[in-house]
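Peer 1: I have a structure here, written as structure tokens, and I will follow up with some questions on it.
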Amino acid sequence: MSESEHSPDAAVTLAPARAVPRIRAVPWFAVALALLALVLPFLEGVPLIGWLASPFQRIQLTYGLVFGIAALAFNLLLGYTGLLSFGHAVFFGSAAYATGLLVKYLHVSSMEGFLLAGCVSSLVLAAGFGAVCVRYTRIFFSILTLALSQVVWALALKFFWITNGTDGLRIPTPTLLLGLVGVPDDKVRFLSFTYYYYVLAVFFICMVALGMIAASPFGKALQAIRDNEIRAQFVGIEVWRYRWSAFVVSGAFTGVAGTLFAPLNGLTTPDILHWTFSGKIVFMTVLGGFKSFSGPILGGVAYNYLETYVIKTTEYWQMLLGIILVALVLVMPQGIIGALGWIIHRRSGRR
Amino acid sequence: MDIFLAQLLNALLYAAVLFLIAGGLSLIFGVMRIVNLAHGSLYALGAYVMAWGLGRLAGESGSEPVYLIALLPVAAVAVGATGAVVEPILLRPLYARAEEYQLLLTFGLLLILEDAMRYIWGPTPLTASPLWAAFGTLHLMGATYPRYNVVVILLGVLTAVLLWAFVFKTRFGVMLRATSQNRRMAAALGINVGGVYVQAFALGCLMAGLAGAVIVPIQGAVLGMGVDALVLAFVVVVIGGLGSLDGALVGALIVGVVRTVAIQYFPELELAVLYLIAAVVLITRPAGLLGRA
């Protein structure tokens, strides 16, 4: 690699630009959306938005938020570091499998236990894979992440006496908050109310954490690497280590999403380890808009609605996803956020 | 001994088909720097066109080997033509943009093609095994082996030779290699780079279509075969070196042999071993065994 030759021997330590990472003022509509999500379960009878508050819709939103976490974490690599991973399903799936194996072998039923196991397993995996993958960039990075993730998929598929093969592992309803919330009788009620709030809380924590990471000096260094690797080296950024750290953080947060997904779905199958699921995480991120921080959240939620409703109307939903992706790439590479920004910009321009 | 020979031929059969797929993938990457995620789906498209054509021609009972010979080029050309349509419309706008967009676009194309095939030919697999049986068997040093499989191996060898002659002995091959080495310089020397791109992409797709067409009598046309084949083709080109045709040949042979051995001795690890080999090669020799850096 020729880039490494440019690395100065005397490393300049990166002084933080500001002591406290400044987070830009949260726009009013984000606050409104957050409040809406918070009171949603109590709006079931309200005329205009009542339909959005039905248990079915709340479970859909929960799925969307879970995908939102995954896409947000993924975007730390794509949007901020400039690395397109085609293997992120492995962090999502391995966390879900860690949950499933915890249930199968250790009979754990605590959600916090699941989160710990999922986070640790994806963290370890990301640390190992990252050490290998971040030595490369661009297409080679994509292919290497794809190949390594497929190793795990193949293992999950073939070692069926451990993982149940294509049948997958069943995940029963967990207890929440270290057993404070016990196993409920009504599963729909649990998923659409208790678990909805649980996911919402975890989502919020992850969003704030990732937002702080993205706005921190570390996040700025990642963007510097994305924009110009050689210049980043000149100012003393150790490119390899920053990329690796971003990879690990991204993998761990994707693991959180995978763990949350497991009880929601009630089943983990090798599908969520397969590289096509990695492609779907990429899709969500691009759909929402990978050039902005909040785009992937919108993308994750929108993707889930898209999948749910398109499956209802046609069995050829993959084709529609494909057409949307092609159209996005060709016409609207900034995604939903970019389109919204464009509309708002035109409106204000006209005034 | 006869088991050994049969397994060796199996490995070669597998390598021949993989070479056709991976060679096309590698050719496209070598000339255009595009990793075509829809390549496996084009292979599946070739299989479906072939199976559908055979069904049309042969009806229920008749299954003459002559149909196969007649239909192979038809299926391959159909897929090549698809490629010739896709490249100018979908890929050309992206050359000036970051490489990641090409991956995204071809992934979208993969999703479209997979469902298009399901829409056209339905979810049930199409088979043409009577044709495979019609070729009969071959007795080789005490081993009995399906004659059709030998035909496929020979076809793979023939394609490799033709491709080599095409790339290294023809005028178009010179233009292809010039474009691959330096696109701007080639354009400055008067080569129609856009035309070379279309033809290279179509040729790569044609090889994938041919691979799909020859595999039909053996395993039929199934949904999802493309996605599986793509990842294996990746393994091949990663081992051999992305963009290198002889690398694709060597990679296909390695994968063919390893897979056959793995299925025989440790079937659970069959796929994992292949991906691991690819990962190890990427780590130790990122350009592949025969690739240029």
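Residues are referred to by chain and number: the chain letter is A, B, ... according to the order shown in the structure tokens, the number counts from 1 in that chain, and ligands are numbered separately from 1 in the order shown.
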Give me, as a Markdown table, each residue of chain A that comes within 10 Å of chain B, together with its shortest interatomic pair and the distance in Å at one decimal, counting only C-alpha atoms, with rows ordered by chain and rising residue number.
Peer 2:
| residue | atom | partner | partner_atom | distance |
| --- | --- | --- | --- | --- |
| A:Met1 | CA | B:Ala293 | CA | 9.3 |
| A:Leu78 | CA | B:Glu100 | CA | 9.5 |
| A:Gly82 | CA | B:Glu100 | CA | 9.3 |
| A:Leu83 | CA | B:Glu100 | CA | 8.8 |
| A:Leu84 | CA | B:Glu100 | CA | 6.8 |
| A:Ser85 | CA | B:Glu100 | CA | 9.9 |
| A:Phe86 | CA | B:Leu103 | CA | 9.5 |
| A:Val132 | CA | B:Ile283 | CA | 6.8 |
| A:Cys133 | CA | B:Ile283 | CA | 8.3 |
| A:Arg135 | CA | B:Ile283 | CA | 8.6 |
| A:Tyr136 | CA | B:Pro286 | CA | 8.4 |
| A:Arg138 | CA | B:Glu99 | CA | 7.2 |
| A:Ile139 | CA | B:Glu99 | CA | 7.3 |
| A:Phe140 | CA | B:Pro286 | CA | 8.1 |
| A:Phe141 | CA | B:Leu282 | CA | 9.9 |
| A:Ser142 | CA | B:Glu100 | CA | 8.9 |
| A:Ile143 | CA | B:Phe234 | CA | 7.7 |
| A:Leu144 | CA | B:Ala279 | CA | 6.5 |
| A:Thr145 | CA | B:Ala279 | CA | 9.0 |
| A:Leu146 | CA | B:Val231 | CA | 8.5 |
| A:Ala147 | CA | B:Tyr275 | CA | 5.6 |
| A:Leu148 | CA | B:Ala279 | CA | 6.5 |
| A:Ser149 | CA | B:Tyr275 | CA | 8.8 |
| A:Gln150 | CA | B:Tyr275 | CA | 6.8 |
| A:Val151 | CA | B:Ala272 | CA | 4.7 |
| A:Val152 | CA | B:Ala272 | CA | 7.4 |
| A:Trp153 | CA | B:Ala272 | CA | 8.2 |
| A:Ala154 | CA | B:Ala272 | CA | 5.5 |
| A:Leu155 | CA | B:Ala272 | CA | 6.3 |
| A:Ala156 | CA | B:Ala272 | CA | 9.8 |
| A:Leu157 | CA | B:Glu268 | CA | 8.7 |
| A:Lys158 | CA | B:Glu268 | CA | 5.1 |
| A:Phe159 | CA | B:Glu268 | CA | 6.4 |
| A:Phe160 | CA | B:Glu268 | CA | 9.0 |
| A:Trp275 | CA | B:Val231 | CA | 9.0 |
| A:Thr276 | CA | B:Val227 | CA | 8.5 |
| A:Gly279 | CA | B:Phe107 | CA | 7.3 |
| A:Lys280 | CA | B:Phe107 | CA | 9.5 |
| A:Val282 | CA | B:Leu104 | CA | 8.0 |
| A:Phe283 | CA | B:Leu104 | CA | 7.9 |
| A:Val286 | CA | B:Leu104 | CA | 8.8 |
| A:Glu315 | CA | B:Asp115 | CA | 8.8 |
| A:Tyr316 | CA | B:Asp115 | CA | 5.8 |
| A:Trp317 | CA | B:Asp115 | CA | 8.0 |
| A:Gln318 | CA | B:Leu111 | CA | 5.4 |
| A:Met319 | CA | B:Ile112 | CA | 4.1 |
| A:Leu320 | CA | B:Ile112 | CA | 7.2 |
| A:Leu321 | CA | B:Leu111 | CA | 7.1 |
| A:Gly322 | CA | B:Gly108 | CA | 3.9 |
| A:Ile323 | CA | B:Gly108 | CA | 6.5 |
| A:Ile324 | CA | B:Gly108 | CA | 7.8 |
| A:Leu325 | CA | B:Gly108 | CA | 5.3 |
| A:Val326 | CA | B:Leu105 | CA | 5.2 |
| A:Ala327 | CA | B:Leu105 | CA | 8.6 |
| A:Leu328 | CA | B:Leu105 | CA | 8.8 |
| A:Val329 | CA | B:Leu105 | CA | 6.3 |
| A:Leu330 | CA | B:Pro93 | CA | 7.4 |
| A:Pro333 | CA | B:Tyr101 | CA | 8.6 |
Peer 1: For Gly226 (chain B), please output as JSON, numbers by chain all residues within 8 Å (counting only C-alpha atoms; exclusion window: fewer than 3 positions along the same chain).
Peer 2: {"B": [39, 40, 41, 42, 43, 44, 223, 229, 230]}
Peer 1: Might you pull out every residue within 12 Å of region 340-346 of chain A, with only C-alpha atoms counted and same-chain residues fewer than 6 positions away left off, and present them as a PyMOL selection string?
Peer 2: chain A and resi 288-289+291-292+295+298+332+334
Peer 1: I need the chosen residues saved as a short mmCIF file (atom, residue, chain, number, x, y, z; two decimals), in the first residue's frame, with C-alpha atoms.
Peer 2:
data_model
loop_
_atom_site.label_atom_id
_atom_site.label_comp_id
_atom_site.auth_asym_id
_atom_site.auth_seq_id
_atom_site.Cartn_x
_atom_site.Cartn_y
_atom_site.Cartn_z
CA GLY A 288 -32.86 7.51 4.14
CA GLY A 289 -29.79 9.36 2.99
CA LYS A 291 -24.91 11.96 3.84
CA SER A 292 -26.82 13.05 6.90
CA GLY A 295 -31.21 9.87 7.28
CA LEU A 298 -35.84 7.47 8.43
CA MET A 332 -31.76 10.79 -5.74
CA GLN A 334 -29.11 11.83 -1.11
#
Peer 1: Give the helix (DSSP H, G or I) residues of region 87-181 of chain B, as DSSP finds them on the backbone, and put them as a PyMOL selection string.
Peer 2: chain B and resi 87-94+99-121+129-134+147-169+171-181
Peer 1: Could you take the residues named above and write them with C-alpha atoms, as a PDB file, in the first residue's frame?
Peer 2:
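The resulting file, result17.pdb, is shown below:
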ATOM      1  CA  GLU B  87     -24.662  -1.143 -19.359  1.00  0.00           C
ATOM      2  CA  PRO B  88     -25.500   2.001 -21.373  1.00  0.00           C
ATOM      3  CA  ILE B  89     -28.766   2.697 -19.556  1.00  0.00           C
ATOM      4  CA  LEU B  90     -27.927   1.975 -15.941  1.00  0.00           C
ATOM      5  CA  LEU B  91     -24.187   1.809 -15.467  1.00  0.00           C
ATOM      6  CA  ARG B  92     -22.879   4.503 -17.781  1.00  0.00           C
ATOM      7  CA  PRO B  93     -24.245   7.420 -15.720  1.00  0.00           C
ATOM      8  CA  LEU B  94     -22.232   6.178 -12.752  1.00  0.00           C
ATOM      9  CA  GLU B  99     -17.447   3.225  -6.873  1.00  0.00           C
ATOM     10  CA  GLU B 100     -19.901   2.498  -4.102  1.00  0.00           C
ATOM     11  CA  TYR B 101     -22.797   3.607  -6.276  1.00  0.00           C
ATOM     12  CA  GLN B 102     -22.033   0.875  -8.796  1.00  0.00           C
ATOM     13  CA  LEU B 103     -22.252  -1.739  -6.059  1.00  0.00           C
ATOM     14  CA  LEU B 104     -25.569  -0.298  -4.927  1.00  0.00           C
ATOM     15  CA  LEU B 105     -26.949  -0.179  -8.442  1.00  0.00           C
ATOM     16  CA  THR B 106     -25.957  -3.711  -9.310  1.00  0.00           C
ATOM     17  CA  PHE B 107     -27.431  -4.868  -5.993  1.00  0.00           C
ATOM     18  CA  GLY B 108     -30.695  -3.219  -7.030  1.00  0.00           C
ATOM     19  CA  LEU B 109     -30.393  -4.962 -10.374  1.00  0.00           C
ATOM     20  CA  LEU B 110     -29.933  -8.273  -8.564  1.00  0.00           C
ATOM     21  CA  LEU B 111     -33.177  -7.759  -6.637  1.00  0.00           C
ATOM     22  CA  ILE B 112     -35.011  -6.862  -9.844  1.00  0.00           C
ATOM     23  CA  LEU B 113     -33.669  -9.790 -11.846  1.00  0.00           C
ATOM     24  CA  GLU B 114     -34.377 -12.346  -9.121  1.00  0.00           C
ATOM     25  CA  ASP B 115     -38.023 -11.357  -8.948  1.00  0.00           C
ATOM     26  CA  ALA B 116     -38.332 -10.927 -12.694  1.00  0.00           C
ATOM     27  CA  MET B 117     -37.327 -14.555 -13.108  1.00  0.00           C
ATOM     28  CA  ARG B 118     -39.810 -15.599 -10.438  1.00  0.00           C
ATOM     29  CA  TYR B 119     -42.488 -13.576 -12.202  1.00  0.00           C
ATOM     30  CA  ILE B 120     -41.787 -15.034 -15.633  1.00  0.00           C
ATOM     31  CA  TRP B 121     -41.029 -18.654 -14.817  1.00  0.00           C
ATOM     32  CA  SER B 129     -32.761 -34.005 -16.647  1.00  0.00           C
ATOM     33  CA  PRO B 130     -34.062 -36.279 -19.461  1.00  0.00           C
ATOM     34  CA  LEU B 131     -31.585 -34.539 -21.693  1.00  0.00           C
ATOM     35  CA  TRP B 132     -28.819 -35.225 -19.232  1.00  0.00           C
ATOM     36  CA  ALA B 133     -29.809 -38.891 -19.210  1.00  0.00           C
ATOM     37  CA  ALA B 134     -30.054 -38.959 -23.005  1.00  0.00           C
ATOM     38  CA  ARG B 147     -21.146 -38.246 -20.623  1.00  0.00           C
ATOM     39  CA  TYR B 148     -22.818 -34.852 -20.418  1.00  0.00           C
ATOM     40  CA  ASN B 149     -20.602 -33.823 -17.515  1.00  0.00           C
ATOM     41  CA  VAL B 150     -17.564 -34.511 -19.665  1.00  0.00           C
ATOM     42  CA  VAL B 151     -19.096 -32.347 -22.396  1.00  0.00           C
ATOM     43  CA  VAL B 152     -19.384 -29.488 -19.905  1.00  0.00           C
ATOM     44  CA  ILE B 153     -15.756 -29.884 -18.854  1.00  0.00           C
ATOM     45  CA  LEU B 154     -14.651 -29.803 -22.486  1.00  0.00           C
ATOM     46  CA  LEU B 155     -16.843 -26.780 -23.101  1.00  0.00           C
ATOM     47  CA  GLY B 156     -15.172 -25.019 -20.188  1.00  0.00           C
ATOM     48  CA  VAL B 157     -11.736 -25.781 -21.621  1.00  0.00           C
ATOM     49  CA  LEU B 158     -12.832 -24.626 -25.075  1.00  0.00           C
ATOM     50  CA  THR B 159     -14.197 -21.364 -23.698  1.00  0.00           C
ATOM     51  CA  ALA B 160     -11.006 -20.723 -21.788  1.00  0.00           C
ATOM     52  CA  VAL B 161      -8.931 -21.227 -24.951  1.00  0.00           C
ATOM     53  CA  LEU B 162     -11.249 -19.094 -27.086  1.00  0.00           C
ATOM     54  CA  LEU B 163     -11.297 -16.351 -24.504  1.00  0.00           C
ATOM     55  CA  TRP B 164      -7.530 -16.373 -24.265  1.00  0.00           C
ATOM     56  CA  ALA B 165      -7.229 -16.159 -28.053  1.00  0.00           C
ATOM     57  CA  PHE B 166      -9.823 -13.415 -28.127  1.00  0.00           C
ATOM     58  CA  VAL B 167      -8.160 -11.259 -25.514  1.00  0.00           C
ATOM     59  CA  PHE B 168      -4.551 -11.810 -26.534  1.00  0.00           C
ATOM     60  CA  LYS B 169      -4.668 -12.504 -30.270  1.00  0.00           C
ATOM     61  CA  ARG B 171      -7.514  -6.567 -32.479  1.00  0.00           C
ATOM     62  CA  PHE B 172     -10.462  -6.150 -30.169  1.00  0.00           C
ATOM     63  CA  GLY B 173      -8.489  -7.894 -27.451  1.00  0.00           C
ATOM     64  CA  VAL B 174      -5.751  -5.284 -27.772  1.00  0.00           C
ATOM     65  CA  MET B 175      -8.320  -2.512 -27.419  1.00  0.00           C
ATOM     66  CA  LEU B 176      -9.813  -4.290 -24.445  1.00  0.00           C
ATOM     67  CA  ARG B 177      -6.483  -4.548 -22.690  1.00  0.00           C
ATOM     68  CA  ALA B 178      -5.553  -0.989 -23.540  1.00  0.00           C
ATOM     69  CA  THR B 179      -8.815   0.299 -22.079  1.00  0.00           C
ATOM     70  CA  SER B 180      -8.329  -1.843 -19.021  1.00  0.00           C
ATOM     71  CA  GLN B 181      -4.839  -0.459 -18.407  1.00  0.00           C
TER      72      GLN B 181
END
Peer 1: Of the candidates A:Leu273, A:Ile171, A:Met207, A:Val66, which shows the shortest atom-to-atom distance to Ala257 (chain A), using only C-alpha atoms?
Peer 2: A:Val66
Peer 1: For Ala75 (chain B), work out the shell of residues within 8 Å, counting only C-alpha atoms and skipping chain neighbours fewer than 3 positions away, then give it as a list in words.
Peer 2: Gly46, Ala47, Val49, Met50, Leu71, Leu72, Ala78, Val79, Gly209, Leu210 and Ala213 of chain B
Peer 1: Quick one: write out the picked residues with C-alpha atoms as a PDB file, in the first residue's frame?
Peer 2:
ATOM      1  CA  GLY B  46     -29.140 -18.058 -18.710  1.00  0.00           C
ATOM      2  CA  ALA B  47     -30.304 -21.186 -16.923  1.00  0.00           C
ATOM      3  CA  VAL B  49     -33.826 -19.184 -20.729  1.00  0.00           C
ATOM      4  CA  MET B  50     -32.207 -22.533 -21.502  1.00  0.00           C
ATOM      5  CA  LEU B  71     -30.009 -23.680 -27.613  1.00  0.00           C
ATOM      6  CA  LEU B  72     -26.731 -23.114 -25.780  1.00  0.00           C
ATOM      7  CA  ALA B  78     -29.900 -13.623 -24.751  1.00  0.00           C
ATOM      8  CA  VAL B  79     -28.058 -12.925 -21.508  1.00  0.00           C
ATOM      9  CA  GLY B 209     -25.416 -16.967 -19.454  1.00  0.00           C
ATOM     10  CA  LEU B 210     -23.476 -19.810 -21.040  1.00  0.00           C
ATOM     11  CA  ALA B 213     -27.269 -22.761 -19.864  1.00  0.00           C
TER      12      ALA B 213
END
Peer 1: Taking 2 positions as the minimum chain separation for residues in the same chain, which residues sit within 12 Å of Leu140 (chain B) when counting only C-alpha atoms? Answer as a PyMOL selection string.
Peer 2: chain B and resi 1-6+9+137-138+142-147+150
Peer 1: Quick one: distance from CA of Gly93 (chain A) to CA of Gly258 (chain A) in Å, one decimal?
Peer 2: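 Atom-to-atom, CA of Gly93 (chain A) and CA of Gly258 (chain A) are spaced 5.9 Å apart.
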Peer 1: As an exercise, work out the distance from CA of Gly122 (chain B) to CA of Thr82 (chain B) in Å and give it to one decimal place.
Peer 2: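 That distance, rounded to one decimal, is 20.0 Å.
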Peer 1: Go through A:Phe56, A:Tyr197, A:Phe67, A:Trp51 and flag the residue nearest Ala302 (chain A), using only C-alpha atoms for the distances.
Peer 2: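 Closest residue, counting only C-alpha atoms: A:Phe67.
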Peer 1: Of the residues A:Phe91, A:Trp28, A:Tyr80, A:Phe114, which is the one nearest to Phe277 (chain A), using only C-alpha atoms?
Peer 2: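 Using only C-alpha atoms, the shortest distance to Phe277 (chain A) belongs to A:Phe91.
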Peer 1: Could you name the residues that touch Val239 (chain A) at 10 Å or less, counting only C-alpha atoms, but leaving out those on the same chain fewer than 3 positions away, as an MDAnalysis selection string?
Peer 2: chainID A and resid 4 7 134:135 221:222 224:226 229:230 232:233 236 242:245
Peer 1: Hey, which of B:Ser244, B:Asn10, B:Thr124, B:Gln264 ends up closest to Ala22 (chain B)? Count only C-alpha atoms.
Peer 2: B:Ser244
Peer 1: Identify all residues of region 49-287 of chain B in strand (DSSP E) (DSSP on the backbone) and supply them as a ChimeraX atom specification.
Peer 2: /B:137-140,143-146
Peer 1: Print the selection's residues with C-alpha atoms to a file, as a compact mmCIF listing (two decimals), in the first residue's frame.
Peer 2:
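What ended up in out09.txt:
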# COMPACT_ATOMS: atom_id res chain seq x y z
CA THR B 137 -22.67 -42.64 -19.60
CA LEU B 138 -19.03 -43.06 -20.29
CA HIS B 139 -16.79 -45.88 -19.09
CA LEU B 140 -13.41 -44.60 -18.13
CA ALA B 143 -15.40 -45.70 -13.61
CA THR B 144 -18.84 -44.92 -14.95
CA TYR B 145 -19.40 -41.24 -15.53
CA PRO B 146 -22.20 -39.22 -17.14
Peer 1: When you draw a straight line from CA of Ile337 (chain A) to CA of Gly68 (chain A), how long is it in Å?
Peer 2: 14.0 Å
